[in-house]
>>> print(open('protein.txt').read())   # compact mmCIF, C-alpha atoms (C1' of nucleotides)
# COMPACT_ATOMS: atom_id res chain seq x y z
CA MET V 1 -1.97 -66.03 14.60
CA THR V 2 1.28 -66.63 16.38
CA LEU V 3 0.04 -64.24 19.00
CA VAL V 4 -1.51 -66.60 21.47
CA LYS V 5 1.22 -69.20 21.33
CA GLN V 6 4.01 -66.71 22.17
CA LYS V 7 6.01 -68.92 24.52
CA SER V 8 9.30 -68.37 22.79
CA GLU V 9 11.40 -66.50 25.35
CA GLY V 10 11.59 -66.83 29.14
CA SER V 11 8.69 -67.94 31.29
CA PRO V 12 5.44 -68.36 29.46
CA GLU V 13 3.52 -66.44 32.12
CA LEU V 14 5.86 -63.47 32.05
CA ALA V 15 3.66 -61.63 29.60
CA ALA V 16 0.63 -62.17 31.78
CA ILE V 17 2.47 -60.89 34.84
CA ALA V 18 3.64 -57.83 32.93
CA ASP V 19 0.12 -57.14 31.69
CA LYS V 20 -1.49 -57.52 35.07
CA LEU V 21 1.12 -55.42 36.81
CA HIS V 22 0.87 -52.70 34.23
CA SER V 23 -2.90 -52.68 34.19
CA ALA V 24 -3.16 -52.82 37.98
CA ALA V 25 -0.69 -49.97 38.32
CA ILE V 26 -2.63 -47.81 35.89
CA HIS V 27 -5.89 -48.46 37.66
CA LEU V 28 -4.45 -48.06 41.13
CA VAL V 29 -3.12 -44.65 40.16
CA ARG V 30 -6.49 -43.67 38.69
CA ARG V 31 -8.39 -44.78 41.77
CA LEU V 32 -6.19 -42.88 44.15
CA ARG V 33 -6.22 -39.87 41.90
CA VAL V 34 -9.86 -39.42 42.84
CA ARG V 35 -8.88 -38.83 46.45
CA ASP V 36 -5.78 -36.90 45.52
CA ARG V 37 -7.89 -34.46 43.59
CA GLU V 38 -9.25 -33.27 46.94
CA SER V 39 -5.87 -31.74 47.65
CA GLY V 40 -6.42 -29.36 44.75
CA ILE V 41 -3.00 -30.22 43.36
CA GLY V 42 -2.26 -32.37 40.31
CA PRO V 43 -0.87 -35.92 40.46
CA ALA V 44 2.54 -35.07 39.00
CA GLN V 45 2.93 -32.21 41.48
CA LEU V 46 1.92 -34.43 44.35
CA SER V 47 4.37 -37.12 43.31
CA ALA V 48 7.25 -34.67 42.92
CA LEU V 49 6.40 -33.10 46.26
CA SER V 50 6.48 -36.48 47.95
CA VAL V 51 10.05 -37.02 46.73
CA LEU V 52 11.07 -33.78 48.40
CA VAL V 53 9.15 -34.49 51.60
CA PHE V 54 10.23 -38.08 52.08
CA GLY V 55 13.54 -37.96 50.24
CA GLY V 56 14.79 -34.52 51.20
CA PRO V 57 15.94 -31.49 49.17
CA ARG V 58 17.54 -31.91 45.76
CA SER V 59 18.15 -30.17 42.47
CA LEU V 60 15.67 -29.89 39.66
CA GLY V 61 17.58 -32.34 37.49
CA GLU V 62 17.73 -34.90 40.27
CA LEU V 63 14.03 -34.51 40.87
CA ALA V 64 13.35 -34.95 37.17
CA ASP V 65 15.42 -38.15 37.20
CA ALA V 66 13.63 -39.43 40.26
CA GLU V 67 10.31 -38.74 38.64
CA GLN V 68 11.38 -40.00 35.24
CA VAL V 69 10.34 -36.90 33.40
CA ARG V 70 12.37 -34.41 31.32
CA PRO V 71 13.75 -31.24 32.87
CA PRO V 72 11.30 -28.91 31.12
CA THR V 73 8.41 -30.94 32.48
CA MET V 74 9.81 -30.83 35.98
CA SER V 75 10.58 -27.14 35.64
CA ARG V 76 6.93 -26.40 35.08
CA ILE V 77 5.76 -28.75 37.83
CA VAL V 78 8.09 -27.04 40.28
CA SER V 79 6.87 -23.61 39.17
CA SER V 80 3.32 -24.64 40.00
CA LEU V 81 4.40 -25.99 43.37
CA GLU V 82 6.30 -22.80 44.07
CA ARG V 83 3.36 -20.62 43.10
CA ALA V 84 1.27 -22.60 45.57
CA ARG V 85 3.98 -22.11 48.23
CA LEU V 86 4.48 -25.86 48.62
CA VAL V 87 8.08 -25.81 47.46
CA ARG V 88 10.87 -23.28 47.77
CA ARG V 89 13.85 -22.68 45.47
CA GLU V 90 17.22 -21.98 47.08
CA ALA V 91 20.45 -20.90 45.42
CA THR V 92 23.50 -23.15 45.72
CA GLU V 93 27.28 -22.70 45.38
CA ASP V 94 26.97 -23.86 41.80
CA GLY V 95 25.10 -20.94 40.27
CA ARG V 96 23.43 -23.14 37.70
CA ARG V 97 21.75 -25.41 40.16
CA VAL V 98 18.80 -24.80 42.43
CA ARG V 99 18.05 -26.58 45.65
CA LEU V 100 14.37 -27.49 45.96
CA LEU V 101 12.81 -27.89 49.39
CA ALA V 102 9.31 -28.70 50.53
CA THR V 103 7.82 -25.94 52.67
CA ALA V 104 5.91 -26.60 55.88
CA LYS V 105 2.71 -26.11 53.95
CA GLY V 106 3.84 -28.59 51.31
CA THR V 107 4.69 -31.16 53.92
CA LYS V 108 1.34 -30.69 55.60
CA ILE V 109 -0.59 -31.08 52.35
CA LEU V 110 1.31 -34.22 51.51
CA TRP V 111 0.54 -35.80 54.84
CA GLU V 112 -3.10 -34.99 54.48
CA GLY V 113 -3.13 -36.69 51.10
CA ARG V 114 -1.35 -39.64 52.58
CA GLN V 115 -4.05 -39.94 55.19
CA ARG V 116 -6.79 -39.85 52.57
CA ARG V 117 -5.00 -42.57 50.64
CA VAL V 118 -4.66 -44.70 53.72
CA GLU V 119 -8.33 -44.20 54.41
CA SER V 120 -9.19 -45.47 50.94
CA LEU V 121 -6.73 -48.34 50.98
CA ALA V 122 -7.70 -49.33 54.50
CA ASN V 123 -11.18 -50.23 53.32
CA ALA V 124 -9.74 -52.42 50.60
CA LEU V 125 -7.19 -54.02 52.89
CA ALA V 126 -9.81 -54.71 55.53
CA LEU V 127 -11.48 -57.03 53.04
CA LEU V 128 -8.30 -59.08 52.73
CA GLY V 129 -7.10 -61.84 55.01
CA GLU V 130 -4.14 -61.27 57.31
CA THR V 131 -1.93 -63.44 55.11
CA GLU V 132 -2.72 -61.51 51.99
CA ARG V 133 -2.21 -58.23 53.76
CA ALA V 134 1.20 -59.37 54.93
CA ARG V 135 2.08 -60.49 51.45
CA LEU V 136 0.98 -57.16 50.10
CA ALA V 137 3.30 -55.44 52.54
CA GLU V 138 6.23 -57.51 51.28
CA LEU V 139 5.35 -56.75 47.74
CA ALA V 140 5.08 -53.07 48.43
CA GLU V 141 8.75 -53.37 49.34
CA LEU V 142 9.64 -55.44 46.32
CA LEU V 143 7.94 -53.37 43.67
CA PRO V 144 10.11 -50.23 43.93
CA GLU V 145 13.21 -52.39 43.44
CA ILE V 146 11.84 -53.86 40.28
CA VAL V 147 10.82 -50.49 38.98
CA ARG V 148 14.33 -49.23 39.57
CA LYS V 149 15.70 -52.08 37.51
CA ILE V 150 13.46 -51.74 34.50
CA MET Z 1 0.73 -32.34 64.94
CA THR Z 2 -1.15 -35.60 65.06
CA LEU Z 3 0.29 -36.39 61.67
CA VAL Z 4 3.33 -38.38 62.62
CA LYS Z 5 1.76 -40.25 65.47
CA GLN Z 6 -1.18 -41.43 63.37
CA LYS Z 7 -1.37 -45.01 64.64
CA SER Z 8 -5.01 -44.81 65.59
CA GLU Z 9 -6.68 -47.18 63.13
CA GLY Z 10 -5.53 -50.52 61.76
CA SER Z 11 -1.88 -51.44 61.26
CA PRO Z 12 0.63 -48.71 61.93
CA GLU Z 13 2.50 -49.49 58.72
CA LEU Z 14 -0.60 -49.16 56.56
CA ALA Z 15 0.36 -45.66 55.54
CA ALA Z 16 3.80 -46.80 54.48
CA ILE Z 17 2.36 -49.62 52.39
CA ALA Z 18 -0.07 -47.25 50.76
CA ASP Z 19 2.71 -44.79 50.00
CA LYS Z 20 5.03 -47.38 48.53
CA LEU Z 21 2.34 -48.97 46.45
CA HIS Z 22 1.16 -45.64 45.13
CA SER Z 23 4.65 -44.42 44.38
CA ALA Z 24 5.70 -47.71 42.78
CA ALA Z 25 2.58 -47.73 40.64
CA ILE Z 26 3.24 -44.21 39.41
CA HIS Z 27 6.84 -44.99 38.56
CA LEU Z 28 6.09 -48.33 36.98
CA VAL Z 29 3.60 -46.68 34.68
CA ARG Z 30 6.13 -43.98 33.79
CA ARG Z 31 8.87 -46.49 33.02
CA LEU Z 32 6.71 -48.58 30.76
CA ARG Z 33 5.34 -45.49 29.11
CA VAL Z 34 8.76 -45.02 27.54
CA ARG Z 35 8.39 -48.31 25.67
CA ASP Z 36 4.72 -47.71 24.98
CA ARG Z 37 5.58 -44.48 23.26
CA GLU Z 38 7.13 -46.56 20.49
CA SER Z 39 3.65 -47.65 19.52
CA GLY Z 40 2.87 -44.06 18.58
CA ILE Z 41 -0.31 -44.16 20.64
CA GLY Z 42 -0.94 -42.49 23.98
CA PRO Z 43 -1.15 -44.35 27.30
CA ALA Z 44 -4.85 -43.76 27.86
CA GLN Z 45 -5.61 -45.01 24.35
CA LEU Z 46 -3.43 -48.06 24.84
CA SER Z 47 -5.11 -48.89 28.13
CA ALA Z 48 -8.61 -48.50 26.71
CA LEU Z 49 -7.67 -50.58 23.70
CA SER Z 50 -6.40 -53.36 25.93
CA VAL Z 51 -9.79 -53.57 27.65
CA LEU Z 52 -11.41 -54.13 24.26
CA VAL Z 53 -8.79 -56.62 23.12
CA PHE Z 54 -8.62 -58.72 26.28
CA GLY Z 55 -12.12 -58.03 27.61
CA GLY Z 56 -14.13 -57.97 24.40
CA PRO Z 57 -16.52 -55.41 22.87
CA ARG Z 58 -18.52 -53.06 25.04
CA SER Z 59 -20.26 -49.68 25.07
CA LEU Z 60 -18.55 -46.36 25.58
CA GLY Z 61 -20.02 -45.97 29.05
CA GLU Z 62 -18.86 -49.41 30.09
CA LEU Z 63 -15.40 -48.69 28.79
CA ALA Z 64 -15.33 -45.39 30.67
CA ASP Z 65 -16.30 -47.26 33.85
CA ALA Z 66 -13.65 -49.90 33.28
CA GLU Z 67 -11.05 -47.22 32.76
CA GLN Z 68 -12.32 -45.02 35.57
CA VAL Z 69 -12.66 -41.92 33.48
CA ARG Z 70 -15.68 -39.77 32.59
CA PRO Z 71 -17.65 -40.33 29.40
CA PRO Z 72 -16.38 -37.19 27.65
CA THR Z 73 -12.82 -38.29 28.26
CA MET Z 74 -13.49 -41.75 26.89
CA SER Z 75 -15.39 -40.28 23.96
CA ARG Z 76 -12.30 -38.43 22.85
CA ILE Z 77 -9.99 -41.37 23.46
CA VAL Z 78 -12.23 -43.58 21.33
CA SER Z 79 -12.34 -40.96 18.59
CA SER Z 80 -8.56 -41.01 18.41
CA LEU Z 81 -8.49 -44.80 18.34
CA GLU Z 82 -11.12 -44.81 15.61
CA ARG Z 83 -9.23 -42.27 13.54
CA ALA Z 84 -6.18 -44.54 13.77
CA ARG Z 85 -8.34 -47.52 12.72
CA LEU Z 86 -7.61 -49.38 15.94
CA VAL Z 87 -11.22 -49.43 17.13
CA ARG Z 88 -14.53 -49.59 15.29
CA ARG Z 89 -17.93 -48.24 16.36
CA GLU Z 90 -21.00 -50.41 15.68
CA ALA Z 91 -24.66 -49.48 16.08
CA THR Z 92 -26.78 -51.50 18.54
CA GLU Z 93 -30.50 -52.14 19.02
CA ASP Z 94 -30.52 -49.31 21.53
CA GLY Z 95 -29.96 -46.33 19.28
CA ARG Z 96 -28.20 -44.40 22.02
CA ARG Z 97 -25.48 -46.94 22.62
CA VAL Z 98 -22.51 -47.83 20.50
CA ARG Z 99 -20.65 -51.10 20.54
CA LEU Z 100 -16.88 -50.63 20.47
CA LEU Z 101 -14.65 -53.33 19.01
CA ALA Z 102 -10.91 -53.59 18.53
CA THR Z 103 -9.93 -53.98 14.89
CA ALA Z 104 -7.35 -56.49 13.69
CA LYS Z 105 -4.85 -53.65 13.49
CA GLY Z 106 -5.70 -52.58 17.03
CA THR Z 107 -5.21 -56.10 18.32
CA LYS Z 108 -1.89 -56.39 16.54
CA ILE Z 109 -0.58 -53.11 17.92
CA LEU Z 110 -1.57 -54.11 21.42
CA TRP Z 111 0.26 -57.40 21.22
CA GLU Z 112 3.34 -55.71 19.94
CA GLY Z 113 3.24 -53.35 22.90
CA ARG Z 114 2.75 -56.26 25.22
CA GLN Z 115 5.88 -57.86 23.82
CA ARG Z 116 7.89 -54.69 24.31
CA ARG Z 117 6.70 -54.51 27.88
CA VAL Z 118 7.65 -58.09 28.50
CA GLU Z 119 11.02 -57.41 27.00
CA SER Z 120 11.57 -54.52 29.43
CA LEU Z 121 10.25 -56.35 32.44
CA ALA Z 122 12.17 -59.48 31.56
CA ASN Z 123 15.47 -57.64 32.04
CA ALA Z 124 14.35 -56.47 35.45
CA LEU Z 125 13.06 -59.88 36.44
CA ALA Z 126 16.24 -61.56 35.30
CA LEU Z 127 18.03 -59.64 38.04
CA LEU Z 128 15.75 -61.08 40.69
CA GLY Z 129 16.04 -64.42 42.42
CA GLU Z 130 13.53 -67.16 41.67
CA THR Z 131 11.82 -66.57 45.00
CA GLU Z 132 11.30 -62.91 44.38
CA ARG Z 133 10.05 -63.56 40.90
CA ALA Z 134 7.48 -65.97 42.29
CA ARG Z 135 6.41 -63.38 44.83
CA LEU Z 136 6.02 -60.85 42.08
CA ALA Z 137 3.76 -63.23 40.23
CA GLU Z 138 1.58 -63.34 43.33
CA LEU Z 139 1.45 -59.58 43.47
CA ALA Z 140 0.38 -59.43 39.87
CA GLU Z 141 -2.60 -61.59 40.84
CA LEU Z 142 -3.37 -59.86 44.09
CA LEU Z 143 -3.12 -56.25 43.01
CA PRO Z 144 -6.07 -56.13 40.61
CA GLU Z 145 -8.30 -57.48 43.38
CA ILE Z 146 -7.24 -54.78 45.75
CA VAL Z 147 -7.67 -52.12 43.14
CA ARG Z 148 -11.19 -53.35 42.46
CA LYS Z 149 -11.99 -53.02 46.14
CA ILE Z 150 -10.69 -49.52 46.71
C1' DT B 1 40.44 -16.39 27.04
C1' DC B 2 37.27 -18.58 24.49
C1' DA B 3 34.97 -23.02 23.34
C1' DT B 4 32.44 -26.54 25.38
C1' DT B 5 29.60 -28.62 28.73
C1' DT B 6 25.98 -28.52 32.15
C1' DA B 7 21.60 -26.76 34.44
C1' DG B 8 17.51 -24.82 33.87
C1' DT B 9 13.91 -22.12 31.34
C1' DT B 10 10.82 -20.71 27.55
C1' DA B 11 7.93 -21.73 23.61
C1' DG B 12 5.02 -24.50 21.29
C1' DC B 13 2.68 -28.86 20.47
C1' DA B 14 -0.19 -33.18 21.78
C1' DT B 15 -2.65 -36.05 25.06
C1' DA B 16 -5.74 -36.58 28.75
C1' DG B 17 -8.28 -35.35 32.76
C1' DC B 18 -12.51 -32.57 34.23
C1' DT B 19 -17.41 -30.00 34.23
C1' DA B 20 -21.21 -27.84 31.82
C1' DA B 21 -24.21 -27.87 28.30
C1' DC B 22 -26.01 -29.95 24.31
C1' DT B 23 -28.36 -33.75 20.99
C1' DA B 24 -30.68 -37.87 20.28
C1' DT B 25 -32.89 -41.89 21.62
C1' DA B 26 -35.69 -44.66 25.12
C1' DT B 27 -38.77 -45.05 28.70
C1' DT B 28 -42.51 -43.83 31.77
C1' DC B 29 -46.72 -42.13 33.08
C1' DG B 30 -50.95 -39.16 32.91
C1' DC D 1 -50.91 -41.40 22.58
C1' DG D 2 -48.03 -37.82 23.78
C1' DA D 3 -45.37 -35.08 27.08
C1' DA D 4 -41.99 -35.37 30.70
C1' DT D 5 -38.05 -37.70 32.23
C1' DA D 6 -34.03 -40.56 32.00
C1' DT D 7 -30.01 -42.34 29.63
C1' DA D 8 -25.98 -42.42 26.23
C1' DG D 9 -22.77 -39.83 23.93
C1' DT D 10 -20.79 -35.60 22.04
C1' DT D 11 -19.04 -30.86 21.94
C1' DA D 12 -16.77 -26.90 24.01
C1' DG D 13 -13.59 -25.09 26.90
C1' DC D 14 -10.51 -25.27 30.83
C1' DT D 15 -6.26 -27.29 33.33
C1' DA D 16 -2.42 -30.36 33.95
C1' DT D 17 1.38 -33.00 32.06
C1' DG D 18 4.12 -35.14 28.75
C1' DC D 19 7.52 -34.06 24.84
C1' DT D 20 11.33 -31.63 21.65
C1' DA D 21 13.79 -27.58 20.10
C1' DA D 22 15.94 -23.62 21.11
C1' DC D 23 17.46 -20.42 24.37
C1' DT D 24 20.23 -18.21 28.69
C1' DA D 25 23.53 -18.46 32.20
C1' DA D 26 27.08 -20.49 34.77
C1' DA D 27 31.06 -23.61 35.18
C1' DT D 28 34.92 -26.07 33.16
C1' DG D 29 38.98 -26.72 30.59
C1' DA D 30 42.34 -26.50 26.76
>>> encode(input="protein.txt", output="structure tokens")
Amino acid sequence: MTLVKQKSEGSPELAAIADKLHSAAIHLVRRLRVRDRESGIGPAQLSALSVLVFGGPRSLGELADAEQVRPPTMSRIVSSLERARLVRREATEDGRRVRLLATAKGTKILWEGRQRRVESLANALALLGETERARLAELAELLPEIVRKI
Amino acid sequence: MTLVKQKSEGSPELAAIADKLHSAAIHLVRRLRVRDRESGIGPAQLSALSVLVFGGPRSLGELADAEQVRPPTMSRIVSSLERARLVRREATEDGRRVRLLATAKGTKILWEGRQRRVESLANALALLGETERARLAELAELLPEIVRKI
DNA sequence: TCATTTAGTTAGCATAGCTAACTATATTCG
DNA sequence: CGAATATAGTTAGCTATGCTAACTAAATGA
């Protein structure tokens, strides 16, 4: 009953923005997953690997934080990546911590996936006007900031 | 070798846009999943349910298409939703098809989740300037179109 | 030194993706 | 009309990814 009228707090269209963003994000991830599957490596592994490739080496806990998953989840993801020789574990001064690094093979695989993604997105972007494409570029910058703040 | 220099087709920054969008989408979904977990229903179920609530009744195959998953996957998702009394199956003239409808309970749960999401996003948006918030609203409109075109 | 804290792993469970193979209903065509 | 084909969903079985609880090992600190 009161559902549709929900204008109580903040902007009235906030809910619609949240819905659309959420839904679009889900579907974007699913679309690109189709191409990512060609890499033969799962989406969580690919995402974790990209943090190491573009963000540099870090510990398991830091990687888990970056990926917003719990340590046991990241532990298993890293094990899979290590088994596939895409990531290497290194000991650190602090005997509890490990340093995780992308291998050359891991970096290569990630770049190949990136190219497939660009290929897919390029078709979509080609259908947009120059203005919209520019706006999309701005928004691609904006979105990570928002995500960080949630 | 040719990886880094890849400027051959389209805009040079296309790859960066694709990366940021993809990464932001993944992380946005993960952030909001934390709140969605409070509903006690999985993300795939929630997403499928939202199609029925906001998009109206449809067949299992149509729902699978909308959600970009295979029929067996959707079959199981719907079974879970049905068991939880959030979705109802109805027979149609075509004996092979089923019509799927959100129940009142399903609709209620979805709106509650929507409110939690808004609550989370509202905090993030409150930290943004008016200009950025407006730009985000644009993105929320633009993104689904792009996703549809991929 | 010995208790506590911190980092990561192991075990076990649930959800969600997939393909292959099946059932049941509709449709098409000889 | 009746057999072959096509379409819609389900079932079975695999993998990947989330989680919590409980563990090991190393560092810290009182």
>>> interface_residues(input="protein.txt", of="chain V", to="chain B", cutoff="8 Å", atoms="only C-alpha atoms (C1' of nucleotides)", output="ChimeraX atom specification")
/V:60-61,71-72,75,96-97
>>> interface_residues(input="protein.txt", of="chain D", to="chain Z", cutoff="12 Å", atoms="all atoms listed in the file", output="list in words")
DT7, DA8, DG9, DT10, DT11, DA12, DG18 and DC19 of chain D
>>> closest_atom_pairs(input="protein.txt", of="chain V", to="chain Z", cutoff="7 Å", atoms="all atoms listed in the file", output="JSON lines")
{"residue": "V:Leu14", "atom": "CA", "partner": "Z:Val118", "partner_atom": "CA", "distance": 6.7}
{"residue": "V:Ala15", "atom": "CA", "partner": "Z:Val118", "partner_atom": "CA", "distance": 5.4}
{"residue": "V:Ile17", "atom": "CA", "partner": "Z:Ala140", "partner_atom": "CA", "distance": 5.6}
{"residue": "V:Ala18", "atom": "CA", "partner": "Z:Val118", "partner_atom": "CA", "distance": 6.0}
{"residue": "V:Lys20", "atom": "CA", "partner": "Z:Ala140", "partner_atom": "CA", "distance": 5.5}
{"residue": "V:Leu21", "atom": "CA", "partner": "Z:Ala140", "partner_atom": "CA", "distance": 5.1}
{"residue": "V:His22", "atom": "CA", "partner": "Z:Val29", "partner_atom": "CA", "distance": 6.6}
{"residue": "V:Ala24", "atom": "CA", "partner": "Z:Pro144", "partner_atom": "CA", "distance": 5.1}
{"residue": "V:Ala25", "atom": "CA", "partner": "Z:Ala25", "partner_atom": "CA", "distance": 4.6}
{"residue": "V:Ile26", "atom": "CA", "partner": "Z:Val29", "partner_atom": "CA", "distance": 6.4}
{"residue": "V:His27", "atom": "CA", "partner": "Z:Val147", "partner_atom": "CA", "distance": 6.8}
{"residue": "V:Leu28", "atom": "CA", "partner": "Z:Val147", "partner_atom": "CA", "distance": 5.6}
{"residue": "V:Val29", "atom": "CA", "partner": "Z:Ile26", "partner_atom": "CA", "distance": 6.4}
{"residue": "V:Arg30", "atom": "CA", "partner": "Z:Gln68", "partner_atom": "CA", "distance": 6.7}
{"residue": "V:Gln68", "atom": "CA", "partner": "Z:Arg30", "partner_atom": "CA", "distance": 6.7}
{"residue": "V:Trp111", "atom": "CA", "partner": "Z:Leu3", "partner_atom": "CA", "distance": 6.9}
{"residue": "V:Arg114", "atom": "CA", "partner": "Z:Ala15", "partner_atom": "CA", "distance": 6.9}
{"residue": "V:Arg117", "atom": "CA", "partner": "Z:Ala18", "partner_atom": "CA", "distance": 6.8}
{"residue": "V:Val118", "atom": "CA", "partner": "Z:Ala15", "partner_atom": "CA", "distance": 5.4}
{"residue": "V:Ser120", "atom": "CA", "partner": "Z:Ile150", "partner_atom": "CA", "distance": 6.0}
{"residue": "V:Leu121", "atom": "CA", "partner": "Z:Ile150", "partner_atom": "CA", "distance": 5.9}
{"residue": "V:Asn123", "atom": "CA", "partner": "Z:Ile150", "partner_atom": "CA", "distance": 6.7}
{"residue": "V:Ala124", "atom": "CA", "partner": "Z:Ile150", "partner_atom": "CA", "distance": 4.9}
{"residue": "V:Ala137", "atom": "CA", "partner": "Z:Ile17", "partner_atom": "CA", "distance": 5.9}
{"residue": "V:Leu139", "atom": "CA", "partner": "Z:Leu139", "partner_atom": "CA", "distance": 6.4}
{"residue": "V:Ala140", "atom": "CA", "partner": "Z:Leu21", "partner_atom": "CA", "distance": 5.3}
{"residue": "V:Leu143", "atom": "CA", "partner": "Z:Ala24", "partner_atom": "CA", "distance": 6.2}
{"residue": "V:Pro144", "atom": "CA", "partner": "Z:Ala24", "partner_atom": "CA", "distance": 5.2}
{"residue": "V:Ile146", "atom": "CA", "partner": "Z:Ala124", "partner_atom": "CA", "distance": 6.0}
{"residue": "V:Val147", "atom": "CA", "partner": "Z:Leu28", "partner_atom": "CA", "distance": 5.6}
{"residue": "V:Lys149", "atom": "CA", "partner": "Z:Ala124", "partner_atom": "CA", "distance": 5.0}
{"residue": "V:Ile150", "atom": "CA", "partner": "Z:Ala124", "partner_atom": "CA", "distance": 4.9}
>>> axis_aligned_box(input="protein.txt", around="stretch 20-29 of chain V", padding_each_side="5 Å", output="JSON")
{"center_x": -2.4, "center_y": -51.1, "center_z": 37.7, "size_x": 17.0, "size_y": 22.9, "size_z": 16.9}
>>> atom_distance(input="protein.txt", atom1="atom CA of Z:Val87", atom2="atom CA of Z:Leu52")
8.5 Å
>>> atom_distance(input="protein.txt", atom1="atom CA of Z:Leu101", atom2="atom CA of Z:Arg35")
24.5 Å
>>> atom_distance(input="protein.txt", atom1="atom CA of Z:Thr131", atom2="atom CA of Z:Gly113")
27.1 Å
>>> decode(input="protein.txt", residues="chain D", atoms="C-alpha atoms (C1' of nucleotides)", output="mmCIF file, in the first residue's frame")
data_model
loop_
_atom_site.group_PDB
_atom_site.id
_atom_site.type_symbol
_atom_site.label_atom_id
_atom_site.label_comp_id
_atom_site.auth_asym_id
_atom_site.auth_seq_id
_atom_site.Cartn_x
_atom_site.Cartn_y
_atom_site.Cartn_z
ATOM 1 C "C1'" DC D 1 -4.286 -39.414 -38.649
ATOM 2 C "C1'" DG D 2 -0.052 -40.563 -36.820
ATOM 3 C "C1'" DA D 3 4.984 -40.363 -36.650
ATOM 4 C "C1'" DA D 4 8.855 -37.257 -36.528
ATOM 5 C "C1'" DT D 5 10.448 -33.009 -34.875
ATOM 6 C "C1'" DA D 6 10.605 -28.940 -32.086
ATOM 7 C "C1'" DT D 7 9.954 -26.520 -27.759
ATOM 8 C "C1'" DA D 8 9.601 -25.861 -22.542
ATOM 9 C "C1'" DG D 9 11.106 -27.337 -18.314
ATOM 10 C "C1'" DT D 10 13.234 -30.556 -15.068
ATOM 11 C "C1'" DT D 11 16.721 -33.628 -13.097
ATOM 12 C "C1'" DA D 12 21.451 -35.048 -12.260
ATOM 13 C "C1'" DG D 13 25.940 -34.004 -11.536
ATOM 14 C "C1'" DC D 14 29.932 -31.013 -11.825
ATOM 15 C "C1'" DT D 15 32.491 -26.525 -10.539
ATOM 16 C "C1'" DA D 16 33.001 -22.056 -8.470
ATOM 17 C "C1'" DT D 17 32.076 -18.861 -4.725
ATOM 18 C "C1'" DG D 18 29.989 -17.086 -0.790
ATOM 19 C "C1'" DC D 19 29.657 -17.844 4.435
ATOM 20 C "C1'" DT D 20 30.765 -19.238 9.674
ATOM 21 C "C1'" DA D 21 33.246 -21.963 13.030
ATOM 22 C "C1'" DA D 22 37.212 -23.821 14.480
ATOM 23 C "C1'" DC D 23 41.940 -24.526 13.890
ATOM 24 C "C1'" DT D 24 47.408 -23.478 13.418
ATOM 25 C "C1'" DA D 25 51.185 -20.486 13.555
ATOM 26 C "C1'" DA D 26 53.444 -16.274 14.270
ATOM 27 C "C1'" DA D 27 53.862 -11.776 16.584
ATOM 28 C "C1'" DT D 28 52.978 -8.756 20.475
ATOM 29 C "C1'" DG D 29 52.869 -7.315 25.098
ATOM 30 C "C1'" DA D 30 52.070 -7.359 30.136
#
